[in-house]
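Student: My structure is in work23.txt, and what it holds is compact mmCIF, C-alpha atoms and all ligand atoms:
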```
# COMPACT_ATOMS: atom_id res chain seq x y z
CA MET A 22 38.33 63.59 74.87
CA LYS A 23 40.55 62.32 72.05
CA LYS A 24 39.34 63.20 68.58
CA PHE A 25 39.74 61.05 65.51
CA ARG A 26 39.98 62.82 62.18
CA LYS A 27 40.76 60.46 59.33
CA LYS A 28 43.46 61.93 57.15
CA LEU A 29 42.56 62.89 53.56
CA VAL A 30 44.98 63.37 50.70
CA ALA A 31 43.63 64.95 47.51
CA GLY A 32 45.44 65.40 44.22
CA ASN A 33 44.58 68.63 42.39
CA TRP A 34 45.73 67.95 38.85
CA LYS A 35 44.88 71.52 37.77
CA MET A 36 44.91 72.04 33.96
CA ASN A 37 47.05 69.00 33.23
CA LYS A 38 46.62 65.60 31.54
CA THR A 39 44.81 64.43 28.46
CA VAL A 40 42.24 61.69 28.96
CA ALA A 41 44.79 59.00 28.14
CA ASP A 42 47.41 60.47 30.48
CA ALA A 43 44.84 60.88 33.24
CA GLN A 44 43.78 57.25 32.91
CA LYS A 45 47.39 56.14 33.13
CA LEU A 46 48.04 58.20 36.26
CA ALA A 47 44.81 57.03 37.90
CA ASP A 48 45.66 53.43 37.01
CA GLY A 49 49.03 53.65 38.73
CA ILE A 50 47.50 55.24 41.83
CA LYS A 51 44.77 52.61 41.88
CA ASP A 52 47.26 49.76 41.66
CA ALA A 53 49.15 51.14 44.66
CA LEU A 54 46.26 52.37 46.79
CA ALA A 55 43.04 50.55 45.88
CA ASP A 56 43.04 48.79 49.23
CA CYS A 57 44.14 51.80 51.30
CA ARG A 58 41.54 52.19 54.06
CA GLU A 59 43.51 54.26 56.56
CA VAL A 60 43.52 57.44 54.46
CA ASP A 61 40.78 59.01 52.30
CA VAL A 62 42.25 59.46 48.82
CA VAL A 63 40.66 61.87 46.33
CA LEU A 64 41.64 62.53 42.71
CA CYS A 65 40.63 65.85 41.12
CA PRO A 66 41.39 65.68 37.39
CA PRO A 67 40.26 68.37 34.94
CA PHE A 68 36.57 68.21 33.92
CA THR A 69 37.46 66.54 30.63
CA ALA A 70 38.97 63.52 32.40
CA LEU A 71 36.43 63.09 35.23
CA LYS A 72 34.49 60.34 33.52
CA ALA A 73 37.55 58.35 32.50
CA VAL A 74 39.23 58.64 35.90
CA GLY A 75 35.92 57.78 37.60
CA GLU A 76 35.79 54.56 35.60
CA VAL A 77 39.36 53.65 36.58
CA ILE A 78 38.73 54.10 40.31
CA ASP A 79 35.22 52.66 40.30
CA ALA A 80 34.78 50.00 43.00
CA THR A 81 37.86 51.17 44.92
CA SER A 82 37.97 53.36 48.03
CA ILE A 83 39.48 56.21 45.97
CA LYS A 84 37.02 59.05 45.38
CA LEU A 85 36.57 61.55 42.57
CA GLY A 86 36.60 65.33 42.97
CA ALA A 87 36.26 68.34 40.65
CA GLN A 88 38.30 71.54 40.76
CA ASN A 89 35.45 74.04 40.42
CA MET A 90 31.73 74.35 39.69
CA HIS A 91 29.06 76.99 39.10
CA TRP A 92 26.58 78.03 41.78
CA GLU A 93 23.48 77.53 39.64
CA ALA A 94 22.04 74.08 38.93
CA SER A 95 21.52 74.72 35.19
CA GLY A 96 20.84 77.50 32.72
CA ALA A 97 22.44 79.93 30.31
CA TYR A 98 25.99 79.99 31.73
CA THR A 99 28.17 79.24 28.73
CA GLY A 100 31.25 77.25 29.60
CA GLU A 101 30.18 76.41 33.15
CA ILE A 102 29.57 73.10 34.93
CA SER A 103 27.04 72.57 37.73
CA GLY A 104 27.12 70.51 40.89
CA SER A 105 24.46 68.11 39.63
CA MET A 106 26.56 67.50 36.48
CA LEU A 107 29.47 66.57 38.74
CA ARG A 108 27.31 64.22 40.80
CA ASP A 109 26.19 62.68 37.53
CA LEU A 110 29.84 61.72 36.94
CA TYR A 111 30.08 60.24 40.47
CA CYS A 112 32.08 63.10 41.95
CA HIS A 113 32.03 63.21 45.75
CA TYR A 114 34.16 66.31 46.33
CA VAL A 115 34.72 69.70 44.76
CA ILE A 116 37.58 72.13 45.36
CA LEU A 117 36.24 75.67 45.77
CA GLY A 118 37.95 79.05 46.08
CA HIS A 119 41.40 77.87 45.08
CA SER A 120 43.77 80.85 45.08
CA GLU A 121 44.29 80.41 41.32
CA ARG A 122 40.56 80.86 40.84
CA ARG A 123 40.49 83.80 43.21
CA SER A 124 43.43 85.58 41.57
CA TYR A 125 43.11 84.67 37.86
CA PHE A 126 39.32 84.44 37.58
CA GLY A 127 38.24 87.06 40.09
CA GLU A 128 36.43 84.73 42.49
CA THR A 129 35.43 86.66 45.56
CA ASN A 130 34.48 85.26 48.95
CA ASP A 131 30.86 85.92 48.03
CA VAL A 132 31.16 83.80 44.88
CA VAL A 133 32.89 81.05 46.85
CA ASN A 134 30.10 81.16 49.43
CA ARG A 135 27.44 80.73 46.73
CA LYS A 136 29.37 77.80 45.28
CA VAL A 137 29.78 76.18 48.70
CA LYS A 138 26.02 76.33 49.27
CA ALA A 139 25.33 74.95 45.79
CA ALA A 140 27.84 72.14 46.31
CA LEU A 141 26.19 71.11 49.59
CA GLY A 142 22.83 71.28 47.85
CA ALA A 143 24.16 68.88 45.20
CA LYS A 144 25.51 66.49 47.88
CA LEU A 145 29.14 67.29 47.14
CA ILE A 146 31.74 67.80 49.85
CA PRO A 147 33.38 71.20 49.35
CA ILE A 148 37.12 71.54 49.91
CA VAL A 149 37.32 75.29 50.52
CA CYS A 150 40.73 76.89 50.01
CA VAL A 151 42.06 79.85 51.97
CA GLY A 152 45.53 81.34 52.23
CA GLU A 153 47.50 84.55 52.26
CA THR A 154 49.94 86.01 49.74
CA LEU A 155 53.59 86.61 50.61
CA GLN A 156 52.94 90.33 50.83
CA GLU A 157 50.17 89.75 53.34
CA ARG A 158 52.37 87.42 55.41
CA ASP A 159 55.28 89.85 55.33
CA ALA A 160 52.93 92.57 56.55
CA GLY A 161 51.85 90.31 59.42
CA ARG A 162 48.28 90.22 58.10
CA MET A 163 48.01 86.49 57.41
CA GLN A 164 45.56 85.68 60.21
CA GLU A 165 43.33 88.65 59.39
CA VAL A 166 43.24 87.64 55.71
CA VAL A 167 42.55 83.96 56.35
CA GLU A 168 39.88 84.69 58.97
CA SER A 169 38.10 87.06 56.61
CA GLN A 170 38.18 84.41 53.84
CA LEU A 171 36.73 81.85 56.24
CA VAL A 172 34.04 84.09 57.68
CA HIS A 173 32.78 85.20 54.27
CA SER A 174 33.29 82.02 52.23
CA LEU A 175 31.62 79.91 54.92
CA ALA A 176 28.84 82.35 55.87
CA ASP A 177 25.30 81.18 56.67
CA LEU A 178 25.88 77.45 56.40
CA GLY A 179 24.22 76.58 59.72
CA GLU A 180 24.66 72.96 60.71
CA ARG A 181 26.14 72.15 57.33
CA LEU A 182 29.37 73.94 58.23
CA GLY A 183 30.35 70.58 59.72
CA GLU A 184 30.43 69.01 56.24
CA ILE A 185 33.12 71.33 54.91
CA ILE A 186 36.80 70.56 54.50
CA VAL A 187 39.13 73.56 54.61
CA ALA A 188 42.48 73.62 52.81
CA TYR A 189 45.07 76.11 53.98
CA GLU A 190 47.18 76.96 50.92
CA PRO A 191 49.57 79.86 51.45
CA VAL A 192 49.82 81.43 47.98
CA TRP A 193 53.60 81.84 48.34
CA ALA A 194 54.01 78.09 48.75
CA ILE A 195 51.95 77.00 45.72
CA GLY A 196 54.07 75.65 42.90
CA THR A 197 57.12 77.46 44.23
CA GLY A 198 58.90 74.57 45.94
CA ARG A 199 58.92 76.80 48.99
CA THR A 200 56.76 75.06 51.56
CA ALA A 201 55.48 76.42 54.85
CA SER A 202 57.49 74.98 57.71
CA PRO A 203 55.58 72.46 59.82
CA GLU A 204 55.44 75.10 62.60
CA GLN A 205 54.09 77.84 60.30
CA ALA A 206 51.49 75.45 58.90
CA GLN A 207 50.49 74.13 62.34
CA ASP A 208 50.13 77.67 63.72
CA MET A 209 47.78 78.64 60.91
CA HIS A 210 45.81 75.38 61.13
CA ALA A 211 45.31 75.90 64.87
CA PHE A 212 44.18 79.46 64.13
CA ILE A 213 41.75 78.21 61.44
CA ARG A 214 40.28 75.68 63.86
CA GLU A 215 39.77 78.45 66.39
CA ALA A 216 38.14 80.67 63.76
CA VAL A 217 35.81 77.85 62.67
CA GLY A 218 34.98 77.36 66.36
CA LYS A 219 33.85 80.98 66.53
CA LEU A 220 31.69 80.43 63.44
CA GLY A 221 30.08 77.12 64.29
CA GLY A 222 31.14 75.99 67.74
CA VAL A 223 34.09 74.12 69.19
CA GLU A 224 32.58 70.68 68.54
CA THR A 225 32.22 71.37 64.78
CA ALA A 226 35.73 72.82 64.66
CA SER A 227 37.27 69.87 66.46
CA LYS A 228 35.77 67.45 63.91
CA MET A 229 36.58 69.48 60.78
CA ARG A 230 39.39 68.22 58.56
CA LEU A 231 41.95 70.86 57.67
CA LEU A 232 44.30 70.12 54.78
CA TYR A 233 47.62 71.76 54.02
CA GLY A 234 48.53 72.60 50.42
CA GLY A 235 51.60 74.25 48.92
CA SER A 236 54.61 72.32 47.63
CA MET A 237 53.82 69.25 49.72
CA LYS A 238 56.22 66.53 48.54
CA PRO A 239 57.21 63.07 49.79
CA ASP A 240 60.20 64.54 51.66
CA ASN A 241 58.26 67.13 53.67
CA ALA A 242 54.92 65.31 53.97
CA VAL A 243 55.82 63.29 57.06
CA ALA A 244 56.70 66.36 59.15
CA LEU A 245 53.70 68.37 57.94
CA LEU A 246 51.23 65.51 58.44
CA ALA A 247 52.55 64.85 61.94
CA GLN A 248 51.26 68.23 63.13
CA PRO A 249 48.22 67.90 65.40
CA ASP A 250 45.92 70.18 63.35
CA ILE A 251 46.99 69.04 59.87
CA ASP A 252 44.54 66.38 58.72
CA GLY A 253 45.85 65.79 55.22
CA GLY A 254 47.10 67.45 52.09
CA LEU A 255 45.92 69.08 48.88
CA ILE A 256 48.66 68.22 46.44
CA GLY A 257 49.43 69.96 43.15
CA GLY A 258 52.69 69.18 41.36
CA ALA A 259 53.47 65.99 43.26
CA ALA A 260 50.00 64.62 42.46
CA LEU A 261 50.90 64.43 38.76
CA GLU A 262 53.34 61.63 39.36
CA THR A 263 52.20 58.25 40.66
CA ARG A 264 55.16 57.51 42.91
CA ALA A 265 55.28 60.91 44.61
CA PHE A 266 51.52 60.99 45.25
CA VAL A 267 51.47 57.44 46.58
CA GLU A 268 54.37 58.23 48.92
CA ILE A 269 52.51 61.24 50.31
CA VAL A 270 49.41 59.12 50.91
CA ARG A 271 51.55 56.52 52.68
CA ALA A 272 53.05 59.28 54.83
CA ALA A 273 49.50 60.08 55.97
CA ILE A 274 48.84 56.56 57.29
CA PRO A 275 48.60 56.96 61.06
CA LYS A 276 51.28 55.41 63.20
CA ARG A 277 49.63 53.24 65.80
CA GLU A 278 50.34 54.31 69.35
CA PRO A 279 50.24 51.51 71.91
CA GLY A 280 46.82 51.34 73.52
CA LEU A 281 45.14 53.78 71.13
CA PRO A 282 43.25 53.24 67.89
CA ALA A 283 45.23 54.27 64.80
CA GLY A 284 45.09 57.98 64.08
CA THR A 285 44.01 59.13 67.52
CA VAL A 286 45.14 62.65 68.18
CA GLU A 287 44.93 64.92 71.23
P1 LIG A 301 51.66 72.55 44.56
O1 LIG A 301 51.63 71.26 45.38
O2 LIG A 301 52.08 72.35 43.16
O3 LIG A 301 52.40 73.61 45.28
O4 LIG A 301 50.14 73.05 44.46
C1 LIG A 301 49.37 73.10 45.60
C2 LIG A 301 47.98 73.40 45.21
O5 LIG A 301 47.68 74.48 44.71
C3 LIG A 301 46.98 72.35 45.42
O6 LIG A 301 45.69 72.84 45.26
```
Take the structure in this file and express it as structure tokens.

Tutor:
Amino acid sequence: MKKFRKKLVAGNWKMNKTVADAQKLADGIKDALADCREVDVVLCPPFTALKAVGEVIDATSIKLGAQNMHWEASGAYTGEISGSMLRDLYCHYVILGHSERRSYFGETNDVVNRKVKAALGAKLIPIVCVGETLQERDAGRMQEVVESQLVHSLADLGERLGEIIVAYEPVWAIGTGRTASPEQAQDMHAFIREAVGKLGGVETASKMRLLYGGSMKPDNAVALLAQPDIDGGLIGGAALETRAFVEIVRAAIPKREPGLPAGTVE
């Protein structure tokens, strides 16, 4: 049976852009991609620019995402933002467990798991990040590390596991210009799909979209996105520039094979 997984390209703008700069970037992306139906495009600006970017992309196929959220719906959590607040701003997605949150803000798998459940409860689609450090890869522990992140961050989701998107972001490739080779990325994506299969069944795993993140640029996107288990990208640096981001999205548009619907993969 051939499986169709529509590619998704998300821009993680991290802690960049004022409201005016964010509007300008979103405007440029909208002009180039408003009618792009072959790829799901998601913009994840900082909280402060969600409303403005949401207004720019309103009535287009481009969707809004946040970079983090709290696991409670409301209450005395100074400085935090809840899932329902994100829905209120028309967010559809939320990035959870990014390695920068794990390493700089002490987010554990347990915290990520609570956030994932809260996001699903708020009708947001979680993009859950996993990935090993260079030290862990050099020690040959990358599969063990990634599997443990998956098992604990995605624990007890039942049927709803099928709603998750996983992003594989090797820490050593983030913001370093050093990308995983297409083979390294494919190997890990295939391993992640297998691990998800153990958690929630082969059918769920075969439908789940797995994104690659870590120095994805226009010049390496084609080779990475051509891998059978890579279903899109989570883009940092290159998402801050209209042309580079648009080129990556275009690289994700499936090439039609004769006799098959666009995007069909083995
Ligand atoms: P870079 O594309 O800048 O390496 O960042 C990747 C990332 O962390 C996306 O979440």

Student: Would you mind telling me which residue in A:Leu171, A:Leu155, A:Val74, A:Ala211 lies nearest to Val192 (chain A) when using all atoms listed in the file?

Tutor: A:Leu155

Student: I'd like to know which of A:Met237, A:Ala87, A:Ile256, A:Ala226 is closest to Asp109 (chain A), using all atoms listed in the file.

Tutor: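 Under the stated criterion, the closest residue is A:Ala87.
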
Student: Find the residues near region 26-33 of chain A: any atom within 8 Å, counting all atoms listed in the file, skip ones fewer than 5 places away on the same chain, and give them as a JSON list (two decimals) with C-alpha atoms, in the frame of the given file.

Tutor:
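Final output, result_15.json:
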```
[["chain", "number", "residue", "atom", "x", "y", "z"],
["A", 59, "GLU", "CA", 43.51, 54.26, 56.56],
["A", 60, "VAL", "CA", 43.52, 57.44, 54.46],
["A", 61, "ASP", "CA", 40.78, 59.01, 52.30],
["A", 62, "VAL", "CA", 42.25, 59.46, 48.82],
["A", 63, "VAL", "CA", 40.66, 61.87, 46.33],
["A", 64, "LEU", "CA", 41.64, 62.53, 42.71],
["A", 65, "CYS", "CA", 40.63, 65.85, 41.12],
["A", 66, "PRO", "CA", 41.39, 65.68, 37.39],
["A", 88, "GLN", "CA", 38.30, 71.54, 40.76],
["A", 228, "LYS", "CA", 35.77, 67.45, 63.91],
["A", 229, "MET", "CA", 36.58, 69.48, 60.78],
["A", 230, "ARG", "CA", 39.39, 68.22, 58.56],
["A", 232, "LEU", "CA", 44.30, 70.12, 54.78],
["A", 252, "ASP", "CA", 44.54, 66.38, 58.72],
["A", 253, "GLY", "CA", 45.85, 65.79, 55.22],
["A", 254, "GLY", "CA", 47.10, 67.45, 52.09],
["A", 255, "LEU", "CA", 45.92, 69.08, 48.88],
["A", 256, "ILE", "CA", 48.66, 68.22, 46.44],
["A", 257, "GLY", "CA", 49.43, 69.96, 43.15],
["A", 260, "ALA", "CA", 50.00, 64.62, 42.46],
["A", 261, "LEU", "CA", 50.90, 64.43, 38.76],
["A", 266, "PHE", "CA", 51.52, 60.99, 45.25],
["A", 269, "ILE", "CA", 52.51, 61.24, 50.31],
["A", 270, "VAL", "CA", 49.41, 59.12, 50.91],
["A", 273, "ALA", "CA", 49.50, 60.08, 55.97],
["A", 274, "ILE", "CA", 48.84, 56.56, 57.29],
["A", 284, "GLY", "CA", 45.09, 57.98, 64.08],
["A", 285, "THR", "CA", 44.01, 59.13, 67.52],
["A", 286, "VAL", "CA", 45.14, 62.65, 68.18]]
```

Student: Rounded to one decimal place, report the CA of Val40 (chain A)-CA of Ala70 (chain A) distance in Å.

Tutor: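 So the two atoms, CA of Val40 (chain A) and CA of Ala70 (chain A), lie 5.1 Å apart.
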
Student: Counting only C-alpha atoms and all ligand atoms, which residues of chain A sit at most 7 Å from some atom of ligand LIG 301 (chain A), and what is each one's closest atom pair with its distance in Å to one decimal, listed by chain and rising residue number, as a tab-separated table?

Tutor:
```
residue	atom	partner	partner_atom	distance
A:Asn33	CA	A:LIG301	O6	5.2
A:His119	CA	A:LIG301	O6	6.6
A:Glu190	CA	A:LIG301	O5	6.7
A:Ala194	CA	A:LIG301	O3	5.9
A:Ile195	CA	A:LIG301	O3	3.4
A:Gly196	CA	A:LIG301	O3	3.6
A:Thr197	CA	A:LIG301	O3	6.2
A:Gly198	CA	A:LIG301	O3	6.6
A:Gly234	CA	A:LIG301	C1	4.9
A:Gly235	CA	A:LIG301	O3	3.8
A:Ser236	CA	A:LIG301	O3	3.5
A:Met237	CA	A:LIG301	O1	5.3
A:Leu255	CA	A:LIG301	C3	4.9
A:Ile256	CA	A:LIG301	O1	4.4
A:Gly257	CA	A:LIG301	O1	3.4
A:Gly258	CA	A:LIG301	O2	3.7
A:Ala259	CA	A:LIG301	O1	6.0
```

Student: Go ahead and write the residues just picked, C-alpha atoms, as a PDB file, in the frame of the given file.

Tutor:
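After the write, out33.pdb holds the following:
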```
ATOM      1  CA  ASN A  33      44.580  68.630  42.390  1.00  0.00           C
ATOM      2  CA  HIS A 119      41.400  77.870  45.080  1.00  0.00           C
ATOM      3  CA  GLU A 190      47.180  76.960  50.920  1.00  0.00           C
ATOM      4  CA  ALA A 194      54.010  78.090  48.750  1.00  0.00           C
ATOM      5  CA  ILE A 195      51.950  77.000  45.720  1.00  0.00           C
ATOM      6  CA  GLY A 196      54.070  75.650  42.900  1.00  0.00           C
ATOM      7  CA  THR A 197      57.120  77.460  44.230  1.00  0.00           C
ATOM      8  CA  GLY A 198      58.900  74.570  45.940  1.00  0.00           C
ATOM      9  CA  GLY A 234      48.530  72.600  50.420  1.00  0.00           C
ATOM     10  CA  GLY A 235      51.600  74.250  48.920  1.00  0.00           C
ATOM     11  CA  SER A 236      54.610  72.320  47.630  1.00  0.00           C
ATOM     12  CA  MET A 237      53.820  69.250  49.720  1.00  0.00           C
ATOM     13  CA  LEU A 255      45.920  69.080  48.880  1.00  0.00           C
ATOM     14  CA  ILE A 256      48.660  68.220  46.440  1.00  0.00           C
ATOM     15  CA  GLY A 257      49.430  69.960  43.150  1.00  0.00           C
ATOM     16  CA  GLY A 258      52.690  69.180  41.360  1.00  0.00           C
ATOM     17  CA  ALA A 259      53.470  65.990  43.260  1.00  0.00           C
TER      18      ALA A 259
END
```

Student: Select, from A:Pro203, A:Gly221, A:Gly118, A:Gly96, the residue with the minimum atom-to-atom distance to Asn134 (chain A), counting only C-alpha atoms.

Tutor: A:Gly118

Student: Leaving out Ser105 (chain A) and any residue of its chain fewer than 2 positions from it, which residues lie within 7 Å of it when counting only C-alpha atoms, given as an NGL selection string?

Tutor: :A and (94 or 103 or 107-109 or 143)

Student: What lies within 9 Å of Val77 (chain A) using all atoms listed in the file, ignoring chain neighbours under 3 positions off, as a ChimeraX atom specification?

Tutor: /A:44,47-48,51,72-74,80-81

Student: For region 206-225 of chain A, where the input has fewer atoms than it should, I would like N, CA, C and O atoms rebuilt and written as a PDB file, in the frame of the given file.

Tutor:
```
ATOM      1  N   ALA A 206      52.744  76.064  59.331  1.00  0.00           N
ATOM      2  CA  ALA A 206      51.490  75.450  58.900  1.00  0.00           C
ATOM      3  C   ALA A 206      50.636  75.099  60.117  1.00  0.00           C
ATOM      4  O   ALA A 206      49.437  75.408  60.148  1.00  0.00           O
ATOM      5  N   GLN A 207      51.244  74.487  61.130  1.00  0.00           N
ATOM      6  CA  GLN A 207      50.490  74.130  62.340  1.00  0.00           C
ATOM      7  C   GLN A 207      49.881  75.371  62.993  1.00  0.00           C
ATOM      8  O   GLN A 207      48.720  75.365  63.382  1.00  0.00           O
ATOM      9  N   ASP A 208      50.650  76.441  63.093  1.00  0.00           N
ATOM     10  CA  ASP A 208      50.130  77.670  63.720  1.00  0.00           C
ATOM     11  C   ASP A 208      48.871  78.141  62.997  1.00  0.00           C
ATOM     12  O   ASP A 208      47.880  78.499  63.625  1.00  0.00           O
ATOM     13  N   MET A 209      48.943  78.154  61.658  1.00  0.00           N
ATOM     14  CA  MET A 209      47.780  78.640  60.910  1.00  0.00           C
ATOM     15  C   MET A 209      46.609  77.653  61.020  1.00  0.00           C
ATOM     16  O   MET A 209      45.456  78.069  61.122  1.00  0.00           O
ATOM     17  N   HIS A 210      46.909  76.359  61.009  1.00  0.00           N
ATOM     18  CA  HIS A 210      45.810  75.380  61.130  1.00  0.00           C
ATOM     19  C   HIS A 210      45.119  75.526  62.493  1.00  0.00           C
ATOM     20  O   HIS A 210      43.887  75.445  62.577  1.00  0.00           O
ATOM     21  N   ALA A 211      45.905  75.729  63.531  1.00  0.00           N
ATOM     22  CA  ALA A 211      45.310  75.900  64.870  1.00  0.00           C
ATOM     23  C   ALA A 211      44.450  77.171  64.873  1.00  0.00           C
ATOM     24  O   ALA A 211      43.347  77.193  65.428  1.00  0.00           O
ATOM     25  N   PHE A 212      44.941  78.207  64.208  1.00  0.00           N
ATOM     26  CA  PHE A 212      44.180  79.460  64.130  1.00  0.00           C
ATOM     27  C   PHE A 212      42.866  79.245  63.345  1.00  0.00           C
ATOM     28  O   PHE A 212      41.812  79.742  63.736  1.00  0.00           O
ATOM     29  N   ILE A 213      42.961  78.490  62.245  1.00  0.00           N
ATOM     30  CA  ILE A 213      41.750  78.210  61.440  1.00  0.00           C
ATOM     31  C   ILE A 213      40.728  77.430  62.280  1.00  0.00           C
ATOM     32  O   ILE A 213      39.535  77.720  62.267  1.00  0.00           O
ATOM     33  N   ARG A 214      41.218  76.463  63.039  1.00  0.00           N
ATOM     34  CA  ARG A 214      40.280  75.680  63.860  1.00  0.00           C
ATOM     35  C   ARG A 214      39.583  76.586  64.879  1.00  0.00           C
ATOM     36  O   ARG A 214      38.391  76.447  65.132  1.00  0.00           O
ATOM     37  N   GLU A 215      40.347  77.512  65.424  1.00  0.00           N
ATOM     38  CA  GLU A 215      39.770  78.450  66.390  1.00  0.00           C
ATOM     39  C   GLU A 215      38.711  79.331  65.699  1.00  0.00           C
ATOM     40  O   GLU A 215      37.631  79.558  66.236  1.00  0.00           O
ATOM     41  N   ALA A 216      39.058  79.797  64.497  1.00  0.00           N
ATOM     42  CA  ALA A 216      38.140  80.670  63.760  1.00  0.00           C
ATOM     43  C   ALA A 216      36.862  79.920  63.392  1.00  0.00           C
ATOM     44  O   ALA A 216      35.750  80.471  63.467  1.00  0.00           O
ATOM     45  N   VAL A 217      36.995  78.661  62.995  1.00  0.00           N
ATOM     46  CA  VAL A 217      35.810  77.850  62.670  1.00  0.00           C
ATOM     47  C   VAL A 217      34.989  77.645  63.950  1.00  0.00           C
ATOM     48  O   VAL A 217      33.752  77.672  63.927  1.00  0.00           O
ATOM     49  N   GLY A 218      35.655  77.498  65.068  1.00  0.00           N
ATOM     50  CA  GLY A 218      34.980  77.360  66.360  1.00  0.00           C
ATOM     51  C   GLY A 218      34.108  78.582  66.640  1.00  0.00           C
ATOM     52  O   GLY A 218      32.983  78.463  67.119  1.00  0.00           O
ATOM     53  N   LYS A 219      34.629  79.754  66.299  1.00  0.00           N
ATOM     54  CA  LYS A 219      33.850  80.980  66.530  1.00  0.00           C
ATOM     55  C   LYS A 219      32.630  81.008  65.602  1.00  0.00           C
ATOM     56  O   LYS A 219      31.584  81.530  65.943  1.00  0.00           O
ATOM     57  N   LEU A 220      32.797  80.433  64.412  1.00  0.00           N
ATOM     58  CA  LEU A 220      31.690  80.430  63.440  1.00  0.00           C
ATOM     59  C   LEU A 220      30.614  79.397  63.770  1.00  0.00           C
ATOM     60  O   LEU A 220      29.432  79.668  63.631  1.00  0.00           O
ATOM     61  N   GLY A 221      31.059  78.213  64.172  1.00  0.00           N
ATOM     62  CA  GLY A 221      30.080  77.120  64.290  1.00  0.00           C
ATOM     63  C   GLY A 221      30.228  76.282  65.541  1.00  0.00           C
ATOM     64  O   GLY A 221      29.628  75.209  65.625  1.00  0.00           O
ATOM     65  N   GLY A 222      31.015  76.734  66.483  1.00  0.00           N
ATOM     66  CA  GLY A 222      31.140  75.990  67.740  1.00  0.00           C
ATOM     67  C   GLY A 222      32.378  75.100  67.762  1.00  0.00           C
ATOM     68  O   GLY A 222      32.865  74.644  66.723  1.00  0.00           O
ATOM     69  N   VAL A 223      32.844  74.864  68.979  1.00  0.00           N
ATOM     70  CA  VAL A 223      34.090  74.120  69.190  1.00  0.00           C
ATOM     71  C   VAL A 223      33.964  72.667  68.717  1.00  0.00           C
ATOM     72  O   VAL A 223      34.899  72.095  68.158  1.00  0.00           O
ATOM     73  N   GLU A 224      32.788  72.080  68.916  1.00  0.00           N
ATOM     74  CA  GLU A 224      32.580  70.680  68.540  1.00  0.00           C
ATOM     75  C   GLU A 224      32.745  70.513  67.008  1.00  0.00           C
ATOM     76  O   GLU A 224      33.448  69.620  66.539  1.00  0.00           O
ATOM     77  N   THR A 225      32.108  71.399  66.253  1.00  0.00           N
ATOM     78  CA  THR A 225      32.220  71.370  64.780  1.00  0.00           C
ATOM     79  C   THR A 225      33.673  71.561  64.373  1.00  0.00           C
ATOM     80  O   THR A 225      34.195  70.848  63.510  1.00  0.00           O
TER      81      THR A 225
END
```
